[in-house]
Structures are given as C-alpha cells and as structure tokens.
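Enquirer: One file is attached below, coords_3.txt, containing compact mmCIF, C-alpha atoms (C1' of nucleotides).
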# COMPACT_ATOMS: atom_id res chain seq x y z
CA MET F 14 58.71 -255.94 37.58
CA GLN F 15 56.31 -253.40 39.00
CA SER F 16 54.95 -253.23 42.49
CA GLY F 17 51.39 -252.43 43.33
CA THR F 18 49.37 -250.58 40.78
CA GLY F 19 52.20 -248.54 39.41
CA ARG F 20 50.07 -245.43 39.75
CA ALA F 21 51.54 -242.42 41.45
CA THR F 22 49.61 -241.75 44.61
CA ALA F 23 49.51 -238.86 47.00
CA CYS F 24 49.23 -241.18 49.97
CA SER F 25 52.33 -242.38 51.79
CA ILE F 26 50.47 -245.46 52.95
CA ALA F 27 49.69 -246.45 49.40
CA ARG F 28 53.29 -245.78 48.39
CA ALA F 29 54.55 -247.81 51.32
CA LEU F 30 52.22 -250.64 50.41
CA ALA F 31 53.49 -250.56 46.85
CA VAL F 32 56.88 -251.55 48.27
CA VAL F 33 56.03 -253.83 51.19
CA GLY F 34 52.37 -254.64 50.57
CA GLU F 35 52.75 -257.79 48.54
CA ARG F 36 51.78 -261.20 49.81
CA TRP F 37 55.06 -262.29 51.38
CA THR F 38 57.05 -259.10 51.66
CA LEU F 39 56.51 -258.15 55.28
CA SER F 40 56.84 -261.76 56.38
CA ILE F 41 60.23 -261.90 54.72
CA VAL F 42 61.33 -258.67 56.39
CA ARG F 43 60.05 -260.04 59.68
CA GLU F 44 62.26 -263.08 59.26
CA VAL F 45 65.28 -260.89 58.61
CA PHE F 46 64.63 -259.10 61.89
CA ALA F 47 64.29 -262.54 63.45
CA GLY F 48 67.71 -263.60 62.18
CA ALA F 49 67.08 -265.18 58.79
CA HIS F 50 69.47 -264.01 56.10
CA ARG F 51 69.81 -266.75 53.50
CA PHE F 52 67.59 -268.07 50.77
CA ASP F 53 66.97 -271.37 52.45
CA ASP F 54 66.34 -269.75 55.83
CA PHE F 55 63.42 -267.91 54.34
CA ARG F 56 62.20 -270.87 52.40
CA LYS F 57 62.20 -273.22 55.36
CA ARG F 58 60.72 -270.78 57.82
CA LEU F 59 58.01 -269.39 55.59
CA GLY F 60 57.21 -272.29 53.29
CA ILE F 61 57.28 -269.90 50.34
CA ALA F 62 57.83 -271.16 46.79
CA ARG F 63 61.38 -270.71 45.50
CA ASN F 64 60.49 -268.64 42.47
CA ILE F 65 58.29 -266.31 44.49
CA LEU F 66 60.92 -265.91 47.18
CA SER F 67 63.49 -265.19 44.52
CA ALA F 68 61.27 -262.50 43.00
CA ARG F 69 60.42 -260.92 46.36
CA LEU F 70 64.04 -260.78 47.48
CA ARG F 71 64.94 -259.15 44.19
CA THR F 72 62.28 -256.44 44.51
CA LEU F 73 63.15 -255.84 48.16
CA VAL F 74 66.76 -255.29 47.13
CA GLU F 75 65.71 -253.11 44.21
CA HIS F 76 63.59 -250.97 46.49
CA GLY F 77 66.43 -250.62 48.95
CA VAL F 78 64.83 -252.47 51.85
CA LEU F 79 67.34 -255.32 51.80
CA GLU F 80 70.97 -255.50 50.78
CA ARG F 81 72.42 -258.51 48.97
CA ARG F 82 75.82 -259.35 50.34
CA ALA F 83 78.20 -262.10 49.25
CA TYR F 84 79.37 -264.26 52.13
CA GLN F 85 81.57 -266.56 50.05
CA GLN F 86 83.14 -266.57 46.61
CA ALA F 87 83.26 -270.18 45.44
CA PRO F 88 80.56 -270.87 44.73
CA PRO F 89 79.12 -267.38 44.98
CA ARG F 90 76.60 -267.26 47.81
CA PHE F 91 74.62 -264.36 49.19
CA GLU F 92 72.96 -263.15 52.33
CA TYR F 93 70.23 -260.59 52.67
CA HIS F 94 70.48 -257.89 55.31
CA LEU F 95 68.39 -254.92 56.32
CA THR F 96 69.38 -251.54 55.00
CA PRO F 97 68.61 -248.50 57.16
CA MET F 98 65.39 -248.25 55.17
CA GLY F 99 64.57 -251.84 56.01
CA ASN F 100 65.55 -251.46 59.63
CA ASP F 101 63.17 -248.53 59.85
CA LEU F 102 60.29 -250.91 59.18
CA TYR F 103 60.62 -252.12 62.76
CA PRO F 104 57.80 -249.95 64.12
CA VAL F 105 55.48 -251.20 61.38
CA LEU F 106 56.22 -254.81 62.23
CA VAL F 107 55.90 -254.25 65.95
CA SER F 108 52.60 -252.42 65.50
CA LEU F 109 51.32 -255.22 63.35
CA MET F 110 52.47 -257.77 65.89
CA GLY F 111 50.75 -255.86 68.66
CA TRP F 112 47.52 -255.79 66.73
CA GLY F 113 47.76 -259.50 66.00
CA ASP F 114 48.46 -260.12 69.67
CA ARG F 115 45.45 -258.15 70.80
CA TRP F 116 42.92 -259.42 68.29
CA LEU F 117 44.11 -262.67 66.81
CA ALA F 118 46.00 -264.45 69.57
CA GLY F 119 45.05 -268.07 69.81
CA GLU F 120 44.20 -269.89 72.98
CA ALA F 121 47.85 -270.32 73.81
CA GLY F 122 48.24 -266.57 74.05
CA VAL F 123 50.81 -264.18 72.65
CA PRO F 124 53.73 -266.20 71.27
CA LEU F 125 56.39 -263.50 71.47
CA THR F 126 57.27 -261.29 74.42
CA LEU F 127 59.40 -258.19 73.90
CA THR F 128 61.74 -257.04 76.63
CA HIS F 129 63.04 -253.49 76.50
CA ARG F 130 66.56 -253.95 77.73
CA PRO F 131 67.37 -250.33 78.69
CA CYS F 132 64.52 -250.31 81.21
CA GLY F 133 64.43 -254.04 81.78
CA HIS F 134 60.68 -254.40 81.45
CA ALA F 135 58.30 -256.12 79.10
CA ALA F 136 57.60 -253.56 76.42
CA GLN F 137 54.01 -252.71 75.66
CA PRO F 138 54.77 -251.01 72.34
CA GLU F 139 52.83 -247.81 72.03
CA LEU F 140 52.48 -245.18 69.35
CA THR F 141 53.06 -241.76 70.83
CA CYS F 142 53.25 -238.14 69.82
CA GLY F 143 56.90 -237.27 69.49
CA HIS F 144 56.23 -233.84 70.94
CA CYS F 145 54.23 -234.43 74.12
CA GLY F 146 54.87 -238.14 74.51
CA ASP F 147 51.22 -239.04 74.97
CA ALA F 148 49.59 -241.88 73.10
CA LEU F 149 48.63 -240.97 69.56
CA ARG F 150 44.99 -241.84 69.03
CA HIS F 151 42.95 -241.40 65.90
CA GLU F 152 40.41 -239.20 67.68
CA ASP F 153 43.08 -236.76 68.79
CA VAL F 154 44.75 -236.31 65.46
CA ARG F 155 43.89 -233.94 62.68
CA ALA F 156 45.42 -234.70 59.31
CA ARG F 157 45.84 -232.04 56.68
CA LEU F 158 47.18 -232.12 53.19
CA ARG F 159 50.36 -230.19 52.76
CA LEU F 160 49.81 -227.33 50.35
CA GLY F 161 51.06 -228.22 46.93
CA ALA F 162 52.12 -231.66 48.07
CA GLY F 163 52.01 -234.71 45.89
CA SER F 164 50.71 -235.03 42.37
CA PRO F 165 47.45 -233.38 41.34
CA MET F 166 44.55 -235.49 42.56
CA LYS F 167 42.20 -237.29 40.29
CA ASN F 168 39.47 -237.14 42.90
CA PRO F 169 38.87 -233.68 44.35
CA ASP F 170 36.61 -235.46 46.88
CA ARG F 171 39.81 -236.41 48.58
CA ALA F 172 40.45 -232.98 50.04
CA ARG F 173 37.88 -232.67 52.81
CA HIS F 174 37.55 -231.87 56.47
CA GLY F 175 37.97 -234.30 59.30
CA ARG F 176 40.36 -235.90 61.64
CA GLY F 177 42.65 -238.85 61.91
CA LEU F 178 43.88 -239.76 58.52
CA ARG F 179 41.30 -237.67 56.76
CA SER F 180 42.82 -234.76 54.91
CA ASP F 181 41.71 -231.25 55.76
CA SER F 182 41.86 -228.77 52.93
CA MET W 30 37.32 -267.58 50.83
CA GLN W 31 40.51 -268.01 52.76
CA SER W 32 43.05 -265.39 53.64
CA GLY W 33 46.76 -265.87 53.47
CA THR W 34 48.06 -269.36 53.48
CA GLY W 35 45.46 -270.76 55.80
CA ARG W 36 48.22 -272.39 57.83
CA ALA W 37 48.22 -271.84 61.52
CA THR W 38 51.28 -269.83 62.45
CA ALA W 39 52.92 -269.05 65.73
CA CYS W 40 53.72 -265.53 64.60
CA SER W 41 51.32 -262.70 65.31
CA ILE W 42 52.69 -260.80 62.35
CA ALA W 43 51.84 -263.64 60.02
CA ARG W 44 48.40 -263.94 61.57
CA ALA W 45 47.85 -260.21 61.25
CA LEU W 46 48.95 -260.33 57.63
CA ALA W 47 46.52 -263.16 56.98
CA VAL W 48 43.76 -260.68 57.83
CA VAL W 49 45.05 -257.35 56.52
CA GLY W 50 47.92 -258.40 54.28
CA GLU W 51 46.15 -258.67 50.97
CA ARG W 52 46.75 -256.26 48.15
CA TRP W 53 44.05 -253.69 48.90
CA THR W 54 43.07 -254.39 52.47
CA LEU W 55 45.11 -251.78 54.33
CA SER W 56 44.36 -249.17 51.68
CA ILE W 57 40.65 -249.76 52.24
CA VAL W 58 41.04 -249.45 55.99
CA ARG W 59 43.06 -246.31 55.45
CA GLU W 60 40.21 -244.81 53.47
CA VAL W 61 37.75 -245.63 56.25
CA PHE W 62 39.96 -243.70 58.66
CA ALA W 63 40.01 -240.93 56.08
CA GLY W 64 36.23 -240.75 55.96
CA ALA W 65 35.19 -243.18 53.23
CA HIS W 66 32.33 -245.45 54.20
CA ARG W 67 30.44 -246.44 51.07
CA PHE W 68 31.15 -248.79 48.20
CA ASP W 69 31.53 -246.02 45.67
CA ASP W 70 33.71 -243.94 47.98
CA PHE W 71 36.25 -246.73 48.03
CA ARG W 72 35.93 -247.41 44.36
CA LYS W 73 36.45 -243.82 43.29
CA ARG W 74 39.26 -243.09 45.72
CA LEU W 75 41.22 -246.26 45.22
CA GLY W 76 40.41 -247.18 41.63
CA ILE W 77 39.86 -250.76 42.74
CA ALA W 78 37.80 -253.18 40.66
CA ARG W 79 34.24 -253.66 41.91
CA ASN W 80 34.42 -257.40 42.35
CA ILE W 81 37.67 -257.19 44.28
CA LEU W 82 36.38 -254.40 46.47
CA SER W 83 33.27 -256.44 47.14
CA ALA W 84 35.35 -259.45 48.15
CA ARG W 85 37.71 -257.40 50.36
CA LEU W 86 34.88 -255.65 52.17
CA ARG W 87 33.26 -259.01 52.78
CA THR W 88 36.39 -260.55 54.28
CA LEU W 89 37.08 -257.43 56.35
CA VAL W 90 33.57 -257.70 57.78
CA GLU W 91 33.97 -261.45 58.32
CA HIS W 92 37.21 -260.90 60.18
CA GLY W 93 35.63 -258.23 62.34
CA VAL W 94 37.69 -255.29 61.11
CA LEU W 95 34.74 -253.49 59.53
CA GLU W 96 31.05 -253.44 60.34
CA ARG W 97 28.39 -253.36 57.62
CA ARG W 98 25.59 -251.02 58.57
CA ALA W 99 22.42 -250.21 56.62
CA TYR W 100 21.87 -246.50 56.17
CA GLN W 101 18.62 -246.78 54.21
CA GLN W 102 15.96 -249.40 53.54
CA ALA W 103 14.62 -248.80 50.07
CA PRO W 104 16.64 -249.75 48.25
CA PRO W 105 18.85 -251.36 50.89
CA ARG W 106 22.18 -249.53 51.07
CA PHE W 107 25.11 -250.07 53.35
CA GLU W 108 28.02 -248.29 54.92
CA TYR W 109 31.22 -249.75 56.30
CA HIS W 110 32.57 -248.58 59.63
CA LEU W 111 35.53 -249.48 61.78
CA THR W 112 34.95 -251.87 64.64
CA PRO W 113 37.16 -251.50 67.73
CA MET W 114 39.40 -254.09 66.12
CA GLY W 115 39.58 -251.99 62.96
CA ASN W 116 40.13 -248.77 64.89
CA ASP W 117 43.04 -250.44 66.62
CA LEU W 118 44.83 -250.66 63.27
CA TYR W 119 45.56 -246.95 63.55
CA PRO W 120 49.12 -247.39 64.84
CA VAL W 121 49.90 -249.77 61.99
CA LEU W 122 48.68 -247.30 59.42
CA VAL W 123 50.47 -244.37 61.02
CA SER W 124 53.70 -246.36 61.26
CA LEU W 125 53.41 -247.32 57.63
CA MET W 126 52.69 -243.73 56.66
CA GLY W 127 55.70 -242.55 58.63
CA TRP W 128 57.92 -245.03 56.87
CA GLY W 129 56.54 -244.00 53.50
CA ASP W 130 57.10 -240.37 54.42
CA ARG W 131 60.69 -240.96 55.43
CA TRP W 132 61.76 -243.19 52.54
CA LEU W 133 59.36 -242.80 49.65
CA ALA W 134 58.24 -239.18 49.73
CA GLY W 135 58.32 -237.60 46.30
CA GLU W 136 59.83 -234.28 45.48
CA ALA W 137 56.75 -232.50 46.72
CA GLY W 138 57.39 -233.84 50.19
CA VAL W 139 55.15 -235.47 52.74
CA PRO W 140 51.56 -235.12 51.59
CA LEU W 141 49.86 -235.45 54.98
CA THR W 142 50.69 -233.64 58.20
CA LEU W 143 49.32 -234.92 61.50
CA THR W 144 48.48 -232.48 64.26
CA HIS W 145 48.10 -233.83 67.78
CA ARG W 146 45.27 -231.68 69.11
CA PRO W 147 45.78 -232.22 72.85
CA CYS W 148 49.26 -230.73 72.64
CA GLY W 149 48.66 -228.65 69.56
CA HIS W 150 51.83 -229.68 67.77
CA ALA W 151 52.70 -231.55 64.64
CA ALA W 152 52.97 -235.17 65.72
CA GLN W 153 56.10 -237.05 64.91
CA PRO W 154 54.61 -240.49 65.50
CA GLU W 155 57.00 -242.62 67.48
CA LEU W 156 56.94 -246.18 68.76
CA THR W 157 57.79 -246.22 72.43
CA CYS W 158 58.12 -248.63 75.30
CA GLY W 159 54.92 -248.40 77.30
CA HIS W 160 56.89 -248.77 80.49
CA CYS W 161 59.70 -246.24 80.29
CA GLY W 162 58.38 -244.14 77.43
CA ASP W 163 61.61 -244.25 75.47
CA ALA W 164 61.71 -245.02 71.77
CA LEU W 165 61.49 -248.72 71.05
CA ARG W 166 64.37 -249.66 68.80
CA HIS W 167 65.17 -253.07 67.38
CA GLU W 168 68.65 -253.08 68.95
CA ASP W 169 67.22 -252.52 72.42
CA VAL W 170 64.61 -255.22 72.32
CA ARG W 171 64.93 -258.89 73.15
CA ALA W 172 62.15 -261.11 71.92
CA ARG W 173 61.44 -264.45 73.51
CA LEU W 174 58.95 -267.12 72.76
CA ARG W 175 56.40 -267.55 75.48
CA LEU W 176 56.71 -270.97 77.02
CA GLY W 177 54.12 -273.29 75.61
CA ALA W 178 52.76 -270.55 73.39
CA GLY W 179 51.34 -271.12 69.96
CA SER W 180 51.04 -274.35 68.08
CA PRO W 181 53.93 -276.79 67.93
CA MET W 182 56.46 -275.55 65.40
CA LYS W 183 57.17 -277.31 62.20
CA ASN W 184 60.65 -275.83 62.12
CA PRO W 185 62.61 -276.24 65.34
CA ASP W 186 65.16 -273.90 63.77
CA ARG W 187 62.76 -271.16 64.67
CA ALA W 188 63.57 -271.20 68.37
CA ARG W 189 66.98 -269.54 68.58
CA HIS W 190 68.83 -266.82 70.38
CA GLY W 191 68.97 -263.20 69.44
CA ARG W 192 67.28 -259.89 69.77
CA GLY W 193 64.64 -257.79 68.15
CA LEU W 194 62.03 -260.02 66.68
CA ARG W 195 64.22 -263.05 66.98
CA SER W 196 62.91 -265.53 69.47
CA ASP W 197 65.12 -266.56 72.35
CA SER W 198 64.56 -270.05 73.61
C1' DA E 26 10.06 -243.35 28.97
C1' DG E 27 14.61 -242.51 29.62
C1' DT E 28 18.48 -241.60 32.47
C1' DA E 29 21.16 -241.50 36.82
C1' DT E 30 22.64 -243.44 41.36
C1' DC E 31 24.10 -247.08 44.32
C1' DG E 32 25.75 -251.49 45.51
C1' DG E 33 26.70 -254.98 44.02
C1' DT E 34 27.33 -260.03 40.74
C1' DT E 35 28.86 -262.40 36.52
C1' DT E 36 31.98 -263.31 32.93
C1' DC E 37 36.25 -263.83 30.95
C1' DG E 38 41.12 -262.73 29.66
C1' DA E 39 45.55 -261.42 32.03
C1' DA E 40 48.68 -261.71 35.70
C1' DA E 41 50.47 -263.71 39.93
C1' DT E 42 51.28 -267.76 42.57
C1' DG E 43 52.92 -272.43 43.76
C1' DA E 44 54.79 -277.15 43.11
C1' DA E 45 58.10 -279.64 40.99
C1' DA E 46 61.87 -280.44 38.09
C1' DC E 47 66.13 -278.78 36.64
C1' DT E 48 70.81 -276.13 36.69
C1' DA E 49 75.27 -274.86 38.49
C1' DA E 50 79.20 -274.70 41.58
C1' DT E 51 81.36 -276.89 45.22
C1' DG E 52 82.64 -280.17 49.15
C1' DG E 53 82.77 -284.60 51.36
C1' DA E 54 82.33 -289.58 51.58
C1' DT E 55 83.11 -294.24 49.37
C1' DA C 14 86.40 -291.20 40.08
C1' DT C 15 81.62 -291.56 41.47
C1' DC C 16 77.95 -290.50 44.17
C1' DC C 17 75.54 -287.70 47.31
C1' DA C 18 74.58 -283.34 49.78
C1' DT C 19 74.29 -278.23 50.10
C1' DT C 20 73.00 -273.68 48.48
C1' DA C 21 70.88 -270.51 45.49
C1' DG C 22 68.62 -270.06 42.35
C1' DT C 23 65.71 -270.61 37.14
C1' DT C 24 62.29 -272.86 34.21
C1' DT C 25 58.00 -274.93 33.27
C1' DC C 26 53.33 -275.47 33.78
C1' DA C 27 48.85 -275.86 36.27
C1' DT C 28 46.04 -273.33 39.49
C1' DT C 29 44.46 -269.15 41.65
C1' DT C 30 43.60 -264.42 41.90
C1' DC C 31 42.94 -259.98 39.78
C1' DG C 32 40.88 -256.60 36.92
C1' DA C 33 37.94 -254.52 33.23
C1' DA C 34 33.62 -254.48 31.48
C1' DA C 35 29.00 -255.81 31.15
C1' DC C 36 25.01 -256.65 33.53
C1' DC C 37 21.30 -256.51 37.45
C1' DG C 38 17.74 -254.62 40.64
C1' DA C 39 15.67 -251.02 43.28
C1' DT C 40 14.70 -246.28 43.38
C1' DA C 41 14.59 -241.28 42.14
C1' DC C 42 14.68 -237.57 38.90
C1' DT C 43 12.95 -235.13 34.40
Any chance you could put this one into structure tokens?

Expert:
Amino acid sequence: MQSGTGRATACSIARALAVVGERWTLSIVREVFAGAHRFDDFRKRLGIARNILSARLRTLVEHGVLERRAYQQAPPRFEYHLTPMGNDLYPVLVSLMGWGDRWLAGEAGVPLTLTHRPCGHAAQPELTCGHCGDALRHEDVRARLRLGAGSPMKNPDRARHGRGLRSDS
Amino acid sequence: MQSGTGRATACSIARALAVVGERWTLSIVREVFAGAHRFDDFRKRLGIARNILSARLRTLVEHGVLERRAYQQAPPRFEYHLTPMGNDLYPVLVSLMGWGDRWLAGEAGVPLTLTHRPCGHAAQPELTCGHCGDALRHEDVRARLRLGAGSPMKNPDRARHGRGLRSDS
DNA sequence: AGTATCGGTTTCGAAATGAAACTAATGGAT
DNA sequence: ATCCATTAGTTTCATTTCGAAACCGATACT
C-alpha cells in the first residue's frame, strides 16, 4: 500500500501529507489524542467504514505514527496508541483546530476550549519563533533551500526568491 | 461538489479537514505561500492532473481560502491568491513542515530553512500558549466541550473526561 | 499557416471508498 | 448445549473519485 503519490519530494509538507494527508488519517489521530484507542471507538466516533479504518490504522502503524498493542490474549485484541512521532502531531492538530475555530465555527461557537494547566488560563495556541518568542507570521519569514538538500528538482522554477514558504536560492 | 463527509460535526478539526483535508488541497495552498499563483504554476510544481487541479481550485475559492483574480482580459486569465482565511493557514503548514522535518527528513536533511527576519535567527517554529508563552504540550492541556456548543452529538460517548484534545464534560 | 501559451473541460479506465455481509474467538445468559 | 453479544477485523461489490490524455478557445509569435 502506498501513500500519496509515491514520488520523492523535496518538500517536508508534501512528505508529511503523504503520511497523514489521506481522507481519514488526521481525524483518526485526533481521536487518539481525544482518548479513542480501539477499533470500535474509532468506528463509532468517526462513522468510518470498517475496511477503510482497518487500512488506515495499518498504514499509520507502518509509518510509525501509531503503535498496535495487545490488551488481551484470548481472543487477541489490540489497542492503538500514539508513538512519539504521533504525539508530535499535536501542534498540527491544534493549529488546524484553531483555524477551524476562527473560520468555520458554527453559530454555537467554538466547541472545544483548551486550558493550559501550568498557567491556568485558556490557551490561545500561537505559533512562535523559538528564538525570540514572537509570533511567527508569513510576512516575517524568509525561507531558503538548504544547499544540496533533498533530491534534484524536476522543476528548476522551484528555486526562486521570496519569503514565507517560498524558497530562496 | 461536497467536501468531506458532508456531515455536520462538532469538531473544528473535522470541519477544517472538510475544507483543506483533500488529497492535494494543502499542497496547493503551500505552493501559493511559496509564490505560485497560476494554473500552470501549480500543475508544473505539483504534477497534479488538470481536471483535479481545476476542481480543487474551485472548491478552495468557494470555501474562501483562495481568491480568483483576473490579471488580463484578452484572453481572460486568472491568478489565485490567499484570502485572509487562506493566509491564516500558515501555522498549519509550518507545523506540518516541522513535523515532516523532524520525522520524515531524508538523508539530505531538512530542505527548507526558515529565517525570522525581525530577530534575524533561524526560526524553530513552536506552538505556545498565548497567555504564558510557554510551549503548548498535549500533557499540559485540558480540553473541555463548551456548554451548549456545536450540534447535538450522535455519540454521547464523545463527552468524557481527560486531557489534551479529549473533551471533559 | 503553423505553432506555442494559458486555462481550462471532456472522456474514460484505474484506484479508492463505503455499505453490508461474513469470519473468528470468546463470554454470558437461558 | 444453544443462542446471543462483543470485538476486530476481512471479503465482496457497487459507487465515487482520481488521473492521463485528448480536446477547446482565445491570443501571440514567426
């Protein structure tokens, strides 16, 4: 079973999407964060078809995002848990949730509120620069290709000047 | 053309994925951030089929993520630009890129380096609590359903205790 | 007149998805 | 002992989506 296009890409976003970009994948991971661990948990919460769920769980395990763990022997039954790799998807999910909150919230408002326990306040999740701590905005960021990074590009157009996610030569 | 399952969901992540969760959608948005604006830009950079690209651009415009803007009259030609809603996807893309960098980088290493111009340093993008500024980690966050938020749930199982993305009652 | 560019649409075979039925191992109730 | 329920799938088959290639329409270039 292959994910995405199967092509090697120089872009980490494309590579990430090859692993978690399929129809149900991020929703499944979301449910694991939310406490779902068993086949039927996912099925009931998401309304996903059994065969598709089965396939997605398998690829998530293959890719190392989830771990399949037996919780009883007779009959053999399994739970799915986040690996460190899977746990590290938290910022992606939170960012996505924030975006959905800001732009797609229904009349009833934001369904989920996050409380940051160490400081005790409602967390407005924010993407910041790890160095100065300020918010990381597209306009303030210059992206450049690492020299000799990735596979040789098919489209030389790709290496151009700019900012944000655009790659400077 | 419908996106996702079409079901109303209480989860902002699911709603976000209904808009940007299809196979090519985030890759297209990524390319807009990277400086691609025209049909053939996307096609050449992504290697996506014309009909699919056409459909994705249409739904992105319909959902308000991209704006279709004529750049000449004869013959009529169009460019696609980020709306504020689209621009606000930046943290999602950066988070995804970070994850891809950390877990899927090839031998050649991380292809793209981000420089935060205000502080002049390489940005390690980080998700933080907007209140205290500390890193926002799953273990430190308690999620709770807003009272009366969202549509009535089909699965009462969904309202349970826990932390992270799990919804406390 | 012929070719190239740009932004698509149409057509059609291939692949992915989804609903439903079925399997397999076990426990509990009658 | 038989029947039903639970859990975690697999199999089958119809529907939907995707993708490659051909085509279209307006314009410019040679």

Enquirer: In Å to one decimal, how far is atom CA of W:Gln153 from atom CA of W:Val48?

Expert: 27.6 Å

Enquirer: Kindly provide, as an mmCIF file with C-alpha atoms (C1' of nucleotides), in the frame of the given file, the residues of chain C having any atom no farther than 9 Å from an atom of chain W, counting only C-alpha atoms (C1' of nucleotides).

Expert:
data_model
loop_
_atom_site.group_PDB
_atom_site.id
_atom_site.type_symbol
_atom_site.label_atom_id
_atom_site.label_comp_id
_atom_site.auth_asym_id
_atom_site.auth_seq_id
_atom_site.Cartn_x
_atom_site.Cartn_y
_atom_site.Cartn_z
ATOM 1 C "C1'" DC C 31 42.940 -259.980 39.780
ATOM 2 C "C1'" DG C 32 40.880 -256.600 36.920
ATOM 3 C "C1'" DA C 33 37.940 -254.520 33.230
ATOM 4 C "C1'" DA C 39 15.670 -251.020 43.280
ATOM 5 C "C1'" DT C 40 14.700 -246.280 43.380
#

Enquirer: Take atom CA of F:Gly113 and atom CA of W:Cys40 and report the distance between them in Å, one decimal.

Expert: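 According to the coordinates, atom CA of F:Gly113 and atom CA of W:Cys40 are separated by 8.6 Å.
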
Enquirer: Given the choices F:Leu66, F:Val154, F:Ala136, F:Val78, which gets closest to F:Leu95 if the distance is worked out from only C-alpha atoms?

Expert: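 The answer is F:Val78, which sits nearest to F:Leu95.
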
Enquirer: Just the residues within 9 Å of stretch 44-47 of chain E, please, counting only C-alpha atoms (C1' of nucleotides), with nothing from its chain fewer than 4 positions along; format it as a VMD selection string.

Expert: (chain F and resid 62) or (chain C and resid 23 to 25)

Enquirer: Select, from E:DT48, E:DG53, E:DC37, E:DT42, the residue with the minimum atom-to-atom distance to chain F, counting all atoms listed in the file.

Expert: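 Using all atoms listed in the file, the shortest distance to chain F belongs to E:DT42.
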
Enquirer: Under the rule that all atoms listed in the file are counted, which of W:Ala47, W:His160, W:Glu155, W:Arg166 is the nearest residue to W:Leu125?

Expert: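 Ranked by minimum distance to W:Leu125, first place goes to W:Glu155.
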
Enquirer: Kindly provide the residues of chain E that approach chain F to within 12 Å, each paired with its closest atom pair and their distance in Å to one decimal, based on all atoms listed in the file, listed by chain and increasing number, as JSON lines.

Expert:
{"residue": "E:DA40", "atom": "C1'", "partner": "F:Met14", "partner_atom": "CA", "distance": 11.7}
{"residue": "E:DA41", "atom": "C1'", "partner": "F:Ile65", "partner_atom": "CA", "distance": 9.4}
{"residue": "E:DT42", "atom": "C1'", "partner": "F:Ile65", "partner_atom": "CA", "distance": 7.4}
{"residue": "E:DG43", "atom": "C1'", "partner": "F:Ala62", "partner_atom": "CA", "distance": 5.9}
{"residue": "E:DA44", "atom": "C1'", "partner": "F:Ala62", "partner_atom": "CA", "distance": 7.7}
{"residue": "E:DA45", "atom": "C1'", "partner": "F:Ala62", "partner_atom": "CA", "distance": 10.3}
{"residue": "E:DA49", "atom": "C1'", "partner": "F:Pro88", "partner_atom": "CA", "distance": 9.1}
{"residue": "E:DA50", "atom": "C1'", "partner": "F:Pro88", "partner_atom": "CA", "distance": 5.1}
{"residue": "E:DT51", "atom": "C1'", "partner": "F:Pro88", "partner_atom": "CA", "distance": 6.1}
{"residue": "E:DG52", "atom": "C1'", "partner": "F:Pro88", "partner_atom": "CA", "distance": 10.5}

Enquirer: Write a file of the selected residues as a PDB file, keeping the file's coordinate frame, keeping C-alpha atoms (C1' of nucleotides).

Expert:
ATOM      1  C1'  DA E  40      48.680-261.710  35.700  1.00  0.00           C
ATOM      2  C1'  DA E  41      50.470-263.710  39.930  1.00  0.00           C
ATOM      3  C1'  DT E  42      51.280-267.760  42.570  1.00  0.00           C
ATOM      4  C1'  DG E  43      52.920-272.430  43.760  1.00  0.00           C
ATOM      5  C1'  DA E  44      54.790-277.150  43.110  1.00  0.00           C
ATOM      6  C1'  DA E  45      58.100-279.640  40.990  1.00  0.00           C
ATOM      7  C1'  DA E  49      75.270-274.860  38.490  1.00  0.00           C
ATOM      8  C1'  DA E  50      79.200-274.700  41.580  1.00  0.00           C
ATOM      9  C1'  DT E  51      81.360-276.890  45.220  1.00  0.00           C
ATOM     10  C1'  DG E  52      82.640-280.170  49.150  1.00  0.00           C
TER      11       DG E  52
END

Enquirer: For F:Val42, work out the shell of residues within 12 Å, counting only C-alpha atoms (C1' of nucleotides) and skipping chain neighbours fewer than 5 positions away, then give it as a PyMOL selection string.

Expert: (chain F and resi 32-37+47-50+55+59+66+69-70+73-74+78-80+93-96+98-103+105-107) or (chain W and resi 42-43+194-195)

Enquirer: Could I get stretch 76-87 of chain W rebuilt with N, CA, C and O atoms, written as a short mmCIF file (atom, residue, chain, number, x, y, z; two decimals), in the frame of the given file?

Expert:
data_model
loop_
_atom_site.label_atom_id
_atom_site.label_comp_id
_atom_site.auth_asym_id
_atom_site.auth_seq_id
_atom_site.Cartn_x
_atom_site.Cartn_y
_atom_site.Cartn_z
N GLY W 76 40.33 -246.63 42.99
CA GLY W 76 40.41 -247.18 41.63
C GLY W 76 40.47 -248.69 41.62
O GLY W 76 41.01 -249.30 40.71
N ILE W 77 39.87 -249.30 42.62
CA ILE W 77 39.86 -250.76 42.74
C ILE W 77 38.68 -251.35 41.97
O ILE W 77 37.63 -250.71 41.85
N ALA W 78 38.88 -252.52 41.40
CA ALA W 78 37.80 -253.18 40.66
C ALA W 78 36.65 -253.53 41.61
O ALA W 78 36.87 -253.87 42.77
N ARG W 79 35.43 -253.45 41.08
CA ARG W 79 34.24 -253.66 41.91
C ARG W 79 34.21 -255.03 42.56
O ARG W 79 33.91 -255.17 43.75
N ASN W 80 34.50 -256.05 41.79
CA ASN W 80 34.42 -257.40 42.35
C ASN W 80 35.46 -257.60 43.46
O ASN W 80 35.16 -258.22 44.48
N ILE W 81 36.63 -257.05 43.26
CA ILE W 81 37.67 -257.19 44.28
C ILE W 81 37.29 -256.42 45.53
O ILE W 81 37.40 -256.91 46.65
N LEU W 82 36.82 -255.20 45.32
CA LEU W 82 36.38 -254.40 46.47
C LEU W 82 35.30 -255.15 47.24
O LEU W 82 35.34 -255.24 48.47
N SER W 83 34.35 -255.68 46.51
CA SER W 83 33.27 -256.44 47.14
C SER W 83 33.82 -257.58 47.98
O SER W 83 33.42 -257.78 49.13
N ALA W 84 34.76 -258.31 47.42
CA ALA W 84 35.35 -259.45 48.15
C ALA W 84 36.12 -258.98 49.38
O ALA W 84 36.00 -259.56 50.46
N ARG W 85 36.90 -257.89 49.24
CA ARG W 85 37.71 -257.40 50.36
C ARG W 85 36.83 -256.90 51.49
O ARG W 85 37.09 -257.17 52.66
N LEU W 86 35.78 -256.16 51.12
CA LEU W 86 34.88 -255.65 52.17
C LEU W 86 34.24 -256.82 52.90
O LEU W 86 34.13 -256.82 54.12
N ARG W 87 33.88 -257.85 52.14
CA ARG W 87 33.26 -259.01 52.78
C ARG W 87 34.22 -259.67 53.78
O ARG W 87 33.85 -259.97 54.91
#
